[in-house]
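Q: Below is upload-v6.cif; it holds mmCIF, C-alpha atoms and all ligand atoms.
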```cif
data_protein
loop_
_atom_site.label_atom_id
_atom_site.label_comp_id
_atom_site.auth_asym_id
_atom_site.auth_seq_id
_atom_site.Cartn_x
_atom_site.Cartn_y
_atom_site.Cartn_z
CA MET D 861 10.96 -71.75 22.97
CA SER D 862 8.16 -72.41 20.53
CA GLU D 863 6.62 -69.01 21.24
CA THR D 864 9.91 -67.22 20.79
CA GLY D 865 10.27 -69.03 17.47
CA SER D 866 6.79 -67.95 16.45
CA ILE D 867 7.46 -64.31 17.27
CA ALA D 868 10.84 -64.43 15.52
CA GLN D 869 9.03 -65.78 12.47
CA LYS D 870 6.60 -62.82 12.58
CA PHE D 871 9.55 -60.41 12.54
CA VAL D 872 11.07 -62.32 9.60
CA ASP D 873 7.73 -62.13 7.75
CA LYS D 874 7.72 -58.37 8.30
CA GLY D 875 11.13 -58.13 6.64
CA TYR D 876 13.28 -58.01 9.78
CA GLU D 877 16.52 -59.92 9.97
CA ILE D 878 17.12 -61.91 13.18
CA LYS D 879 20.41 -61.00 14.87
CA SER D 880 22.15 -62.47 17.86
CA PHE D 881 21.50 -60.81 21.18
CA GLY D 882 24.03 -58.04 21.75
CA GLU D 883 24.31 -56.95 18.10
CA SER D 884 23.11 -53.52 17.01
CA VAL D 885 19.41 -53.76 16.07
CA ASP D 886 16.26 -51.67 15.54
CA VAL D 887 14.16 -53.73 17.96
CA THR D 888 15.12 -55.99 20.85
CA PHE D 889 12.30 -58.36 21.86
CA LEU D 890 12.72 -59.91 25.31
CA ASN D 891 10.36 -62.83 25.84
CA THR D 892 10.45 -63.21 29.62
CA CYS D 893 9.75 -66.04 31.99
CA THR D 894 8.80 -66.08 35.66
CA VAL D 895 9.29 -69.76 36.20
CA THR D 896 12.96 -69.40 36.95
CA ASP D 897 14.43 -67.41 39.74
CA GLY D 898 16.12 -64.08 39.18
CA ALA D 899 13.80 -62.94 36.36
CA ASP D 900 14.01 -59.41 37.71
CA SER D 901 17.79 -59.09 37.58
CA THR D 902 18.02 -61.05 34.30
CA CYS D 903 15.50 -58.67 32.76
CA ARG D 904 17.42 -55.61 34.00
CA ASN D 905 20.68 -57.00 32.63
CA HIS D 906 19.19 -57.72 29.25
CA ILE D 907 17.60 -54.30 28.96
CA ARG D 908 20.92 -52.66 29.87
CA LYS D 909 22.81 -54.78 27.34
CA ALA D 910 20.23 -54.13 24.62
CA GLN D 911 20.45 -50.38 25.17
CA LYS D 912 24.22 -50.42 25.11
CA ALA D 913 24.30 -52.38 21.86
CA SER D 914 21.57 -50.33 20.17
CA PRO D 915 21.17 -46.89 21.77
CA GLU D 916 18.61 -45.93 19.08
CA GLY D 917 16.79 -49.25 19.08
CA LYS D 918 13.47 -50.03 20.75
CA VAL D 919 13.20 -52.50 23.62
CA VAL D 920 10.08 -54.65 23.98
CA VAL D 921 9.62 -56.70 27.17
CA ALA D 922 6.93 -59.37 26.84
CA GLY D 923 5.68 -62.61 28.32
CA CYS D 924 5.06 -64.00 31.77
CA TYR D 925 7.34 -61.71 33.75
CA ALA D 926 5.91 -58.67 31.96
CA GLN D 927 2.41 -59.97 32.76
CA MET D 928 3.19 -60.33 36.46
CA GLU D 929 5.46 -57.32 37.08
CA ALA D 930 4.49 -54.71 34.50
CA GLU D 931 4.79 -51.81 36.94
CA LYS D 932 8.28 -52.82 38.00
CA ILE D 933 9.40 -53.12 34.40
CA LYS D 934 7.82 -49.79 33.54
CA ALA D 935 10.03 -48.21 36.17
CA MET D 936 13.16 -49.59 34.49
CA GLN D 937 14.89 -47.16 32.17
CA GLY D 938 14.91 -47.82 28.46
CA VAL D 939 11.81 -49.99 28.04
CA ASP D 940 9.63 -48.84 25.15
CA LEU D 941 6.85 -51.40 25.22
CA ILE D 942 5.53 -53.95 27.72
CA LEU D 943 3.33 -56.75 26.41
CA GLY D 944 1.52 -59.46 28.38
CA THR D 945 1.36 -63.13 27.44
CA HIS D 946 -1.51 -62.54 25.00
CA GLU D 947 -0.41 -59.24 23.54
CA LYS D 948 3.12 -60.35 22.69
CA HIS D 949 1.80 -62.08 19.59
CA LYS D 950 0.32 -58.78 18.43
CA VAL D 951 3.59 -56.90 18.75
CA PHE D 952 3.18 -55.15 15.39
CA ASP D 953 -0.17 -53.68 16.44
CA PHE D 954 1.76 -51.64 18.98
CA LEU D 955 5.30 -51.36 17.71
CA ASP D 956 4.79 -48.60 15.15
CA SER D 957 1.80 -46.96 16.74
CA GLU D 958 1.41 -43.92 18.94
CA GLU D 959 0.94 -46.29 21.84
CA MET D 960 4.64 -46.97 22.31
CA ASN D 961 5.89 -46.63 25.85
CA GLN D 962 2.68 -48.17 27.05
CA VAL D 963 1.81 -51.28 28.96
CA HIS D 964 -0.49 -53.74 27.18
CA ILE D 965 -1.64 -56.47 29.50
CA ASP D 966 -4.93 -58.26 29.04
CA LYS D 967 -5.85 -60.69 31.80
CA SER D 968 -8.71 -62.21 29.83
CA ASN D 969 -8.79 -65.88 28.96
CA GLU D 970 -9.07 -65.62 25.20
CA PHE D 971 -7.05 -68.30 23.41
CA TRP D 972 -4.75 -66.68 20.87
CA GLY D 973 -4.44 -70.04 19.20
CA ALA D 974 -1.98 -69.48 16.37
CA ALA D 975 0.23 -72.29 15.22
CA THR D 976 3.76 -71.48 16.19
CA THR D 977 6.83 -72.33 14.26
CA GLU D 978 10.53 -72.59 14.85
CA ALA D 979 11.97 -69.84 12.71
CA ASP D 980 15.54 -70.99 12.51
CA SER D 981 15.46 -74.59 11.31
CA HIS D 982 12.20 -74.97 9.38
CA THR D 983 12.02 -78.70 10.01
CA ARG D 984 10.04 -78.95 13.22
CA ALA D 985 6.99 -76.80 13.96
CA PHE D 986 5.28 -76.24 17.28
CA LEU D 987 1.50 -76.18 17.27
CA LYS D 988 -0.08 -74.87 20.44
CA ILE D 989 -3.33 -76.62 21.22
CA GLN D 990 -3.80 -75.50 24.82
CA ASP D 991 -2.73 -72.68 27.12
CA GLY D 992 -3.07 -71.86 30.82
CA CYS D 993 -3.72 -74.34 33.62
CA ASN D 994 -6.49 -75.20 36.06
CA TYR D 995 -4.22 -77.12 38.44
CA VAL D 996 -2.87 -75.49 41.56
CA CYS D 997 0.57 -76.97 42.07
CA SER D 998 1.93 -75.24 45.15
CA PHE D 999 5.17 -74.04 43.55
CA CYS D 1000 3.83 -72.86 40.20
CA ILE D 1001 3.10 -69.36 39.01
CA ILE D 1002 1.77 -70.36 35.61
CA PRO D 1003 -1.93 -70.39 36.58
CA PHE D 1004 -1.49 -66.75 37.74
CA ALA D 1005 0.62 -65.68 34.79
CA ARG D 1006 -1.24 -67.45 31.99
CA GLY D 1007 -4.73 -67.85 33.38
CA ARG D 1008 -7.14 -70.74 33.21
CA SER D 1009 -6.97 -73.54 30.69
CA ARG D 1010 -8.19 -72.79 27.17
CA THR D 1011 -7.83 -74.62 23.91
CA ILE D 1012 -7.87 -74.47 20.14
CA SER D 1013 -10.68 -76.43 18.45
CA ARG D 1014 -9.89 -79.76 16.79
CA GLU D 1015 -10.90 -78.31 13.45
CA ASN D 1016 -8.59 -75.30 13.75
CA ALA D 1017 -5.72 -77.44 15.00
CA ILE D 1018 -6.00 -79.71 11.96
CA ALA D 1019 -6.19 -76.68 9.64
CA GLU D 1020 -3.06 -75.25 11.29
CA ALA D 1021 -1.29 -78.60 10.90
CA ARG D 1022 -2.16 -78.68 7.18
CA ASN D 1023 -0.89 -75.15 6.83
CA LEU D 1024 2.42 -76.05 8.49
CA VAL D 1025 2.86 -79.11 6.29
CA SER D 1026 2.18 -76.98 3.20
CA LYS D 1027 5.03 -74.71 4.32
CA GLY D 1028 7.39 -77.67 4.26
CA PHE D 1029 7.49 -78.72 7.90
CA LYS D 1030 7.92 -82.46 8.27
CA GLU D 1031 7.49 -82.68 12.02
CA ILE D 1032 4.90 -81.12 14.33
CA VAL D 1033 5.08 -80.97 18.10
CA LEU D 1034 1.75 -80.42 19.85
CA THR D 1035 2.35 -78.06 22.74
CA GLY D 1036 0.46 -76.55 25.64
CA VAL D 1037 0.96 -75.77 29.30
CA ASN D 1038 -1.10 -78.81 30.30
CA ILE D 1039 -2.29 -80.59 27.17
CA GLY D 1040 -3.86 -83.37 29.22
CA GLU D 1041 -6.48 -80.76 30.18
CA TYR D 1042 -7.56 -80.50 26.54
CA GLU D 1043 -10.65 -82.62 26.90
CA SER D 1044 -11.93 -81.18 30.18
CA THR D 1045 -11.45 -77.67 28.80
CA SER D 1046 -12.80 -78.02 25.27
CA GLY D 1047 -15.24 -80.91 25.60
CA GLU D 1048 -13.50 -82.46 22.58
CA ARG D 1049 -11.37 -85.56 23.02
CA LEU D 1050 -7.59 -85.16 22.85
CA VAL D 1051 -7.33 -88.54 21.13
CA ASP D 1052 -9.62 -87.31 18.34
CA LEU D 1053 -7.50 -84.21 17.83
CA VAL D 1054 -4.31 -86.30 17.78
CA GLN D 1055 -5.88 -88.80 15.39
CA GLY D 1056 -6.98 -85.97 13.07
CA ILE D 1057 -3.49 -84.50 13.00
CA LEU D 1058 -1.87 -87.89 12.41
CA GLU D 1059 -4.09 -88.19 9.34
CA VAL D 1060 -2.87 -84.92 7.81
CA GLU D 1061 -1.46 -85.80 4.44
CA GLY D 1062 2.22 -85.01 4.02
CA LEU D 1063 2.93 -84.89 7.76
CA LYS D 1064 5.82 -87.23 8.49
CA ARG D 1065 6.32 -86.96 12.22
CA LEU D 1066 4.31 -86.01 15.28
CA ARG D 1067 5.43 -85.45 18.85
CA LEU D 1068 3.67 -84.38 22.03
CA SER D 1069 5.31 -81.93 24.38
CA SER D 1070 5.06 -82.38 28.13
CA VAL D 1071 2.06 -84.43 29.31
CA GLU D 1072 1.09 -84.67 32.98
CA PRO D 1073 1.34 -88.31 34.13
CA ASN D 1074 -2.24 -88.45 35.42
CA THR D 1075 -3.55 -87.53 31.95
CA ILE D 1076 -1.79 -90.26 29.95
CA THR D 1077 -4.34 -92.91 29.00
CA LYS D 1078 -4.18 -96.30 27.31
CA GLU D 1079 -6.46 -94.93 24.62
CA LEU D 1080 -4.01 -92.12 23.82
CA LEU D 1081 -1.06 -94.54 23.68
CA GLU D 1082 -3.11 -96.83 21.45
CA VAL D 1083 -3.80 -94.04 18.94
CA LEU D 1084 -0.13 -93.01 18.93
CA LYS D 1085 1.05 -96.61 18.58
CA ASN D 1086 -1.22 -97.22 15.61
CA SER D 1087 0.47 -94.54 13.54
CA ASP D 1088 3.97 -94.74 12.10
CA LYS D 1089 4.13 -90.95 12.37
CA TYR D 1090 4.27 -90.78 16.14
CA GLN D 1091 7.82 -90.39 17.41
CA ASP D 1092 8.56 -92.35 20.55
CA HIS D 1093 9.80 -89.67 22.89
CA PHE D 1094 7.66 -88.66 25.86
CA HIS D 1095 8.03 -85.87 28.38
CA ILE D 1096 6.31 -86.76 31.64
CA PRO D 1097 6.98 -84.42 34.59
CA LEU D 1098 7.88 -86.16 37.85
CA GLN D 1099 8.97 -83.22 40.10
CA SER D 1100 9.80 -85.44 43.11
CA GLY D 1101 10.29 -89.09 43.98
CA SER D 1102 8.95 -88.56 47.50
CA ASP D 1103 5.25 -89.10 48.07
CA ARG D 1104 5.22 -86.61 50.93
CA VAL D 1105 6.77 -83.94 48.72
CA LEU D 1106 4.45 -84.75 45.80
CA SER D 1107 1.46 -84.38 48.05
CA SER D 1108 2.77 -81.10 49.48
CA MET D 1109 3.29 -79.90 45.89
CA ARG D 1110 -0.38 -80.77 45.21
CA ARG D 1111 0.60 -82.97 42.30
CA LYS D 1112 -2.17 -85.30 41.13
CA TYR D 1113 -0.27 -88.59 41.40
CA ASP D 1114 2.06 -90.47 43.71
CA THR D 1115 5.20 -92.44 42.87
CA TYR D 1116 3.24 -95.69 42.53
CA GLN D 1117 1.04 -94.14 39.85
CA TYR D 1118 4.01 -92.51 38.14
CA ARG D 1119 5.82 -95.85 37.95
CA GLY D 1120 2.66 -97.35 36.45
CA VAL D 1121 2.49 -94.69 33.72
CA ILE D 1122 6.14 -95.15 32.78
CA ALA D 1123 5.66 -98.94 32.62
CA LEU D 1124 2.61 -98.46 30.41
CA VAL D 1125 4.47 -96.14 28.02
CA LYS D 1126 7.29 -98.66 27.77
CA GLU D 1127 4.80 -101.45 27.13
CA TYR D 1128 3.49 -99.59 24.08
CA PHE D 1129 6.83 -98.07 23.03
CA PRO D 1130 9.73 -100.26 24.22
CA ASP D 1131 12.39 -98.05 22.61
CA ALA D 1132 10.92 -94.77 23.82
CA SER D 1133 13.11 -92.22 25.49
CA ILE D 1134 11.41 -90.39 28.33
CA GLY D 1135 12.10 -86.94 29.70
CA ALA D 1136 11.06 -85.71 33.15
CA ASP D 1137 11.07 -82.38 34.98
CA ILE D 1138 12.41 -82.60 38.51
CA ILE D 1139 12.35 -79.89 41.17
CA VAL D 1140 15.15 -80.15 43.68
CA GLY D 1141 15.17 -78.51 47.11
CA TYR D 1142 11.42 -77.97 47.44
CA PRO D 1143 10.71 -76.40 50.88
CA GLY D 1144 11.13 -79.04 53.56
CA GLU D 1145 12.74 -81.62 51.23
CA THR D 1146 14.94 -83.73 53.52
CA GLU D 1147 18.09 -85.52 52.45
CA ASP D 1148 16.18 -88.82 52.59
CA GLU D 1149 13.40 -87.43 50.41
CA PHE D 1150 15.94 -86.21 47.90
CA LEU D 1151 17.49 -89.70 47.92
CA GLU D 1152 14.06 -91.19 47.20
CA THR D 1153 13.96 -88.98 44.07
CA TYR D 1154 17.48 -90.02 43.14
CA LYS D 1155 16.73 -93.72 43.54
CA LEU D 1156 13.45 -93.55 41.65
CA LEU D 1157 15.15 -91.82 38.72
CA GLN D 1158 18.00 -94.31 38.84
CA GLU D 1159 15.54 -97.15 38.61
CA LEU D 1160 13.06 -95.85 36.02
CA PRO D 1161 13.84 -95.74 32.28
CA ILE D 1162 13.98 -91.92 32.29
CA THR D 1163 16.60 -90.69 29.84
CA HIS D 1164 16.27 -86.91 29.62
CA PHE D 1165 16.44 -85.12 32.98
CA HIS D 1166 15.28 -81.51 33.27
CA VAL D 1167 16.45 -80.54 36.73
CA PHE D 1168 15.45 -77.24 38.35
CA PRO D 1169 16.37 -75.96 41.80
CA TYR D 1170 13.17 -74.91 43.59
CA SER D 1171 12.70 -71.19 43.16
CA LYS D 1172 10.31 -69.07 45.21
CA ARG D 1173 7.52 -67.55 43.14
CA LYS D 1174 5.51 -64.72 44.64
CA ASN D 1175 1.89 -65.52 45.64
CA THR D 1176 2.36 -69.29 45.50
CA THR D 1177 1.65 -71.51 48.50
CA ALA D 1178 5.14 -72.98 48.57
CA ALA D 1179 6.71 -69.52 48.74
CA ARG D 1180 5.04 -69.04 52.14
CA ALA D 1181 6.51 -72.26 53.57
CA GLU D 1182 8.90 -71.86 56.47
CA SER D 1183 11.49 -74.51 55.74
CA HIS D 1184 13.26 -73.24 52.64
CA ILE D 1185 16.35 -75.16 51.63
CA GLN D 1186 19.76 -73.50 51.66
CA PRO D 1187 20.98 -72.55 48.15
CA GLU D 1188 24.21 -74.57 48.53
CA VAL D 1189 22.20 -77.71 49.44
CA LYS D 1190 19.97 -77.21 46.38
CA LYS D 1191 23.02 -76.67 44.21
CA ALA D 1192 24.64 -79.91 45.41
CA ARG D 1193 21.43 -81.89 44.84
CA VAL D 1194 20.98 -80.42 41.36
CA LYS D 1195 24.54 -81.40 40.55
CA GLN D 1196 23.96 -85.00 41.63
CA LEU D 1197 20.84 -85.36 39.53
CA ILE D 1198 22.40 -83.74 36.48
CA ALA D 1199 25.30 -86.19 36.74
CA LEU D 1200 22.88 -89.11 37.00
CA GLY D 1201 20.90 -87.79 34.02
CA GLU D 1202 24.04 -87.52 31.90
CA GLN D 1203 25.02 -91.10 32.77
CA LYS D 1204 21.58 -92.41 31.93
CA LEU D 1205 21.32 -90.58 28.63
CA ALA D 1206 24.80 -91.72 27.61
CA ALA D 1207 23.92 -95.35 28.52
CA PHE D 1208 20.67 -95.16 26.54
CA THR D 1209 22.52 -93.65 23.57
CA LYS D 1210 25.12 -96.43 23.75
CA ILE D 1211 22.38 -99.09 23.49
CA GLN D 1212 21.42 -97.70 20.07
CA GLU D 1213 24.88 -98.36 18.62
CA SER D 1214 24.87 -100.56 15.50
CA ARG D 1215 21.15 -100.03 14.95
CA GLN D 1216 19.54 -98.23 12.04
CA ALA D 1217 17.18 -95.30 12.53
CA GLU D 1218 15.27 -92.72 10.56
CA VAL D 1219 16.68 -89.29 11.22
CA LEU D 1220 15.21 -85.89 10.41
CA PHE D 1221 18.15 -83.59 9.75
CA GLU D 1222 17.75 -80.09 11.11
CA ARG D 1223 21.00 -78.23 10.58
CA GLU D 1224 24.50 -78.26 9.19
CA LYS D 1225 27.50 -77.14 11.19
CA GLU D 1226 31.22 -77.38 10.52
CA GLY D 1227 31.03 -80.19 8.01
CA TYR D 1228 28.35 -82.27 9.77
CA PHE D 1229 24.58 -82.55 9.50
CA TYR D 1230 22.70 -82.91 12.79
CA GLY D 1231 19.26 -84.37 13.40
CA HIS D 1232 17.19 -86.49 15.76
CA THR D 1233 15.98 -90.06 15.78
CA SER D 1234 12.38 -90.90 16.51
CA ASN D 1235 13.30 -91.40 20.17
CA TYR D 1236 14.95 -88.01 20.24
CA LEU D 1237 18.60 -88.92 20.23
CA LYS D 1238 21.03 -86.57 18.56
CA VAL D 1239 22.70 -87.94 15.41
CA ARG D 1240 25.46 -86.48 13.30
CA VAL D 1241 26.72 -87.52 9.90
CA LYS D 1242 29.52 -86.12 7.79
CA ASN D 1243 28.52 -83.67 5.06
CA GLN D 1244 29.30 -85.52 1.84
CA GLY D 1245 28.04 -82.85 -0.51
CA THR D 1246 24.31 -83.68 -0.43
CA ASN D 1247 22.13 -81.21 1.44
CA LEU D 1248 20.34 -83.28 4.10
CA LYS D 1249 18.56 -80.40 5.84
CA ASN D 1250 14.86 -81.13 6.34
CA GLN D 1251 15.32 -84.62 4.88
CA ILE D 1252 14.38 -87.83 6.66
CA MET D 1253 17.07 -90.42 5.96
CA ARG D 1254 17.84 -93.93 7.14
CA VAL D 1255 21.08 -93.87 9.08
CA ASN D 1256 23.45 -96.53 10.39
CA LEU D 1257 24.15 -95.50 13.97
CA ASN D 1258 27.79 -96.52 14.06
CA HIS D 1259 28.92 -95.42 17.46
CA ALA D 1260 27.94 -93.28 20.42
CA GLN D 1261 30.07 -90.30 21.37
CA GLY D 1262 28.67 -89.31 24.74
CA THR D 1263 25.06 -88.44 24.01
CA THR D 1264 25.46 -88.09 20.24
CA LEU D 1265 25.37 -90.94 17.75
CA ALA D 1266 27.86 -90.71 14.89
CA GLY D 1267 26.46 -92.42 11.82
CA GLU D 1268 26.29 -92.60 8.08
CA VAL D 1269 23.34 -92.33 5.75
CA VAL D 1270 22.31 -95.61 4.14
CA ASP D 1271 22.23 -95.50 0.31
CA LEU D 1272 23.35 -91.91 -0.10
S1 LIG D 1301 0.27 -78.70 36.07
FE1 LIG D 1301 2.11 -77.63 35.41
S2 LIG D 1301 1.43 -75.60 34.76
FE2 LIG D 1301 -0.25 -76.51 35.91
S3 LIG D 1301 0.02 -75.71 37.98
FE3 LIG D 1301 1.05 -77.71 37.89
S4 LIG D 1301 3.19 -77.26 37.33
FE4 LIG D 1301 1.96 -75.42 36.90
#
```
What would you get if you wrote out this structure as structure tokens?
Ligand code: SF4

A:
Amino acid sequence: MSETGSIAQKFVDKGYEIKSFGESVDVTFLNTCTVTDGADSTCRNHIRKAQKASPEGKVVVAGCYAQMEAEKIKAMQGVDLILGTHEKHKVFDFLDSEEMNQVHIDKSNEFWGAATTEADSHTRAFLKIQDGCNYVCSFCIIPFARGRSRTISRENAIAEARNLVSKGFKEIVLTGVNIGEYESTSGERLVDLVQGILEVEGLKRLRLSSVEPNTITKELLEVLKNSDKYQDHFHIPLQSGSDRVLSSMRRKYDTYQYRGVIALVKEYFPDASIGADIIVGYPGETEDEFLETYKLLQELPITHFHVFPYSKRKNTTAARAESHIQPEVKKARVKQLIALGEQKLAAFTKIQESRQAEVLFEREKEGYFYGHTSNYLKVRVKNQGTNLKNQIMRVNLNHAQGTTLAGEVVDL
């Protein structure tokens, strides 16, 4: 999402207007993914729809799927430009040149390192500090699609953060494919980079995107805890609650270690909300192993579930396994976990009722302003004539409506 936002911002800077997909446009930019199943047919559908909506418009296909399957995409009718994961950020170098209708894929490991921003809300900015991955999780295509781990220097990251703050962003999210690899890749300590960014004058809020559980340290939590800018929401991938499955996935932790990390986070940040990625229906996952995942998630203070049915990715070890799970079994398991996740998030939201919280408001819709608390809960307040967008306000969280807190601004 952050990269799509960054590219959208580049188009805006060039004078383009961003339109909804399906409207008539001069350029359709498809930022593709290979992590989910069906990328091929999704890509075909989108190209067809883009052509139908804008017969004269150009179609650019970029990103991971383009990187992996450039030849296949080239064979599809109506594609003007194919850009790999690095080249997509240089779209304007190719868009108006003679080189249209060409494939631009560079497999080198150069870090493109630009700060990325969310073009539509202008409250929260994404700053990429790391890309690629040196791990070899059995199900994952990212190391093939995005290459080995590489990083931005601490100095450049801080300069980018200052630049974002000067543009009016109040909140920065540090992103990367595996940001816990920052230190082993760059030789610089992640805690020093985080500390440097926390010290950027004018920055109000900092978040970290997904962090692998084995890379969360006491030292990092200490640095985050010592700043009132760090927002207490963590995203810590779990993938499975079965030790056998975790080991088969080549994850670098077991459930005992994962429990320990969650307990540690809660020790430092008792009100933190925690998100986790979970893969359901990994090859060979038995009903009992799935239930182990279900029970672990039921028990742990995980509030935001990101549930994915296992999907076969070409060239990965897991894709070659023999015991693939039937789609209907995966579907049923996904459904159970999503239901559990909804219950847990609603229960966590309910606990916040009658509290006060600082909320950064991001958008206005149909008479309400919407924003997030520090622990990433959605809040809405009635529009009373004052523009709250990009403002941090103290809010009475009056009552929970599902997973949204309805409140009112204190002292408006
Ligand atoms: S750590 Fe994440 S990105 Fe790296 S191989 Fe594993 S799942 Fe893929």

Q: Find the nearest atom pair between each residue of chain D and ligand LIG 1301 (chain D) for residues within 7 Å, count all atoms listed in the file, give distances in Å to one decimal, sort rows by chain and ascending number, and present the table as a Markdown table.

A:
```
| residue | atom | partner | partner_atom | distance |
| --- | --- | --- | --- | --- |
| D:Cys993 | CA | D:LIG1301 | FE2 | 4.7 |
| D:Asn994 | CA | D:LIG1301 | FE2 | 6.4 |
| D:Tyr995 | CA | D:LIG1301 | S3 | 4.5 |
| D:Val996 | CA | D:LIG1301 | S3 | 4.6 |
| D:Cys997 | CA | D:LIG1301 | FE3 | 4.3 |
| D:Cys1000 | CA | D:LIG1301 | FE4 | 4.6 |
| D:Ile1001 | CA | D:LIG1301 | FE4 | 6.5 |
| D:Ile1002 | CA | D:LIG1301 | FE4 | 5.2 |
| D:Pro1003 | CA | D:LIG1301 | S3 | 5.8 |
| D:Val1037 | CA | D:LIG1301 | S2 | 5.5 |
| D:Asn1038 | CA | D:LIG1301 | S1 | 5.9 |
| D:Glu1072 | CA | D:LIG1301 | S1 | 6.8 |
| D:Arg1111 | CA | D:LIG1301 | FE3 | 6.9 |
```

Q: Do you have the atom CA of Tyr1042 of chain D-atom CA of Ala1017 of chain D distance handy?

A: 12.1 Å

Q: Identify the residues around (-2.4, -78.9, 23.7) within a radius of 6 Å, measuring from all atoms listed in the file in the coordinates stated by the file, and give them as a ChimeraX atom specification.

A: /D:988-990,1034-1036,1039

Q: Fewer than 2 positions away in the same chain doesn't count, so skip those; otherwise give me all residues within 8 Å of Ile1096 of chain D, counting all atoms listed in the file, as a list in words.

A: Ser1070, Val1071, Glu1072, Pro1073, Phe1094, Leu1098, Ile1134, Gly1135, Ala1136 and Asp1137 of chain D

Q: Tell me which protein, DNA and RNA residues are within 10 Å of Glu929 of chain D, counting all atoms listed in the file, leaving out same-chain ones fewer than 2 positions away, and put them as a list in words.

A: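 Near neighbours after the sequence-gap exclusion: Thr894, Asp900, Cys924, Tyr925, Ala926, Gln927, Glu931, Lys932, Ile933, Lys934, Ile942, Gly944 and Ala1005 of chain D.
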
Q: Hey, can you check how far atom CA of Gln1091 of chain D sits from atom CA of Arg1010 of chain D?

A: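 Computing the Euclidean distance for atom CA of Gln1091 of chain D and atom CA of Arg1010 of chain D yields 25.7 Å.
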
Q: Could you tell me which of D:Arg1014, D:Val1194, D:Ile1076, D:Ala1019 comes closest to Arg1049 of chain D if we count all atoms listed in the file?

A: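 Once distances to Arg1049 of chain D are computed over all atoms listed in the file, the minimum belongs to D:Arg1014.
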
Q: Taking a cut-off of 12 Å and counting all atoms listed in the file, can you build a table that, for each residue of segment 1015-1131 of chain D near segment 1143-1156 of chain D, reports the nearest atom pair and how far apart they are in Å (one decimal), sorted by chain then residue number, as CSV?

A:
```
residue,atom,partner,partner_atom,distance
D:Leu1098,CA,D:Thr1153,CA,9.1
D:Gln1099,CA,D:Thr1153,CA,8.6
D:Ser1100,CA,D:Thr1153,CA,5.5
D:Gly1101,CA,D:Thr1153,CA,3.7
D:Ser1102,CA,D:Glu1149,CA,5.4
D:Asp1103,CA,D:Glu1149,CA,8.6
D:Arg1104,CA,D:Glu1149,CA,8.2
D:Val1105,CA,D:Glu1145,CA,6.9
D:Leu1106,CA,D:Glu1145,CA,10.4
D:Ser1108,CA,D:Pro1143,CA,9.3
D:Met1109,CA,D:Pro1143,CA,9.6
D:Asp1114,CA,D:Leu1156,CA,12.0
D:Thr1115,CA,D:Leu1156,CA,8.4
D:Tyr1116,CA,D:Leu1156,CA,10.5
D:Tyr1118,CA,D:Leu1156,CA,10.1
D:Arg1119,CA,D:Leu1156,CA,8.8
D:Ile1122,CA,D:Leu1156,CA,11.6
```

Q: For Asn1247 of chain D, please output as a PyMOL selection string all residues within 9 Å (counting all atoms listed in the file; exclusion window: fewer than 4 positions along the same chain).

A: chain D and resi 1224+1229+1243+1251

Q: Taking (-3.4, -80.3, 6.5) in the file's coordinates, which residues come within 10 Å, counting all atoms listed in the file, written as a compact mmCIF listing (two decimals) with C-alpha atoms, in the coordinates of the input?

A:
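What ended up in out_21.txt:
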```txt
# COMPACT_ATOMS: atom_id res chain seq x y z
CA ALA D 1017 -5.72 -77.44 15.00
CA ILE D 1018 -6.00 -79.71 11.96
CA ALA D 1019 -6.19 -76.68 9.64
CA GLU D 1020 -3.06 -75.25 11.29
CA ALA D 1021 -1.29 -78.60 10.90
CA ARG D 1022 -2.16 -78.68 7.18
CA ASN D 1023 -0.89 -75.15 6.83
CA LEU D 1024 2.42 -76.05 8.49
CA VAL D 1025 2.86 -79.11 6.29
CA SER D 1026 2.18 -76.98 3.20
CA GLY D 1056 -6.98 -85.97 13.07
CA ILE D 1057 -3.49 -84.50 13.00
CA LEU D 1058 -1.87 -87.89 12.41
CA GLU D 1059 -4.09 -88.19 9.34
CA VAL D 1060 -2.87 -84.92 7.81
CA GLU D 1061 -1.46 -85.80 4.44
CA GLY D 1062 2.22 -85.01 4.02
CA LEU D 1063 2.93 -84.89 7.76
```

Q: Skipping near chain neighbours, those fewer than 4 positions away, what residues fall within 10 Å of Lys1238 of chain D using all atoms listed in the file, listed as a short mmCIF file (atom, residue, chain, number, x, y, z; two decimals) with C-alpha atoms, in the coordinates of the input?

A:
```cif
data_model
loop_
_atom_site.label_atom_id
_atom_site.label_comp_id
_atom_site.auth_asym_id
_atom_site.auth_seq_id
_atom_site.Cartn_x
_atom_site.Cartn_y
_atom_site.Cartn_z
CA THR D 1209 22.52 -93.65 23.57
CA VAL D 1219 16.68 -89.29 11.22
CA PHE D 1221 18.15 -83.59 9.75
CA TYR D 1230 22.70 -82.91 12.79
CA GLY D 1231 19.26 -84.37 13.40
CA HIS D 1232 17.19 -86.49 15.76
CA THR D 1233 15.98 -90.06 15.78
CA SER D 1234 12.38 -90.90 16.51
CA ALA D 1260 27.94 -93.28 20.42
CA THR D 1263 25.06 -88.44 24.01
CA THR D 1264 25.46 -88.09 20.24
CA LEU D 1265 25.37 -90.94 17.75
CA ALA D 1266 27.86 -90.71 14.89
#
```

Q: May I ask for the distance between atom CA of Ser1044 of chain D and atom CA of Asn891 of chain D, given in Å to one decimal place?

A: 29.2 Å

Q: Which is closer to Lys1191 of chain D than all the others in D:Ser866, D:Glu1159, D:Thr892, D:Val1167, using all atoms listed in the file?

A: D:Val1167
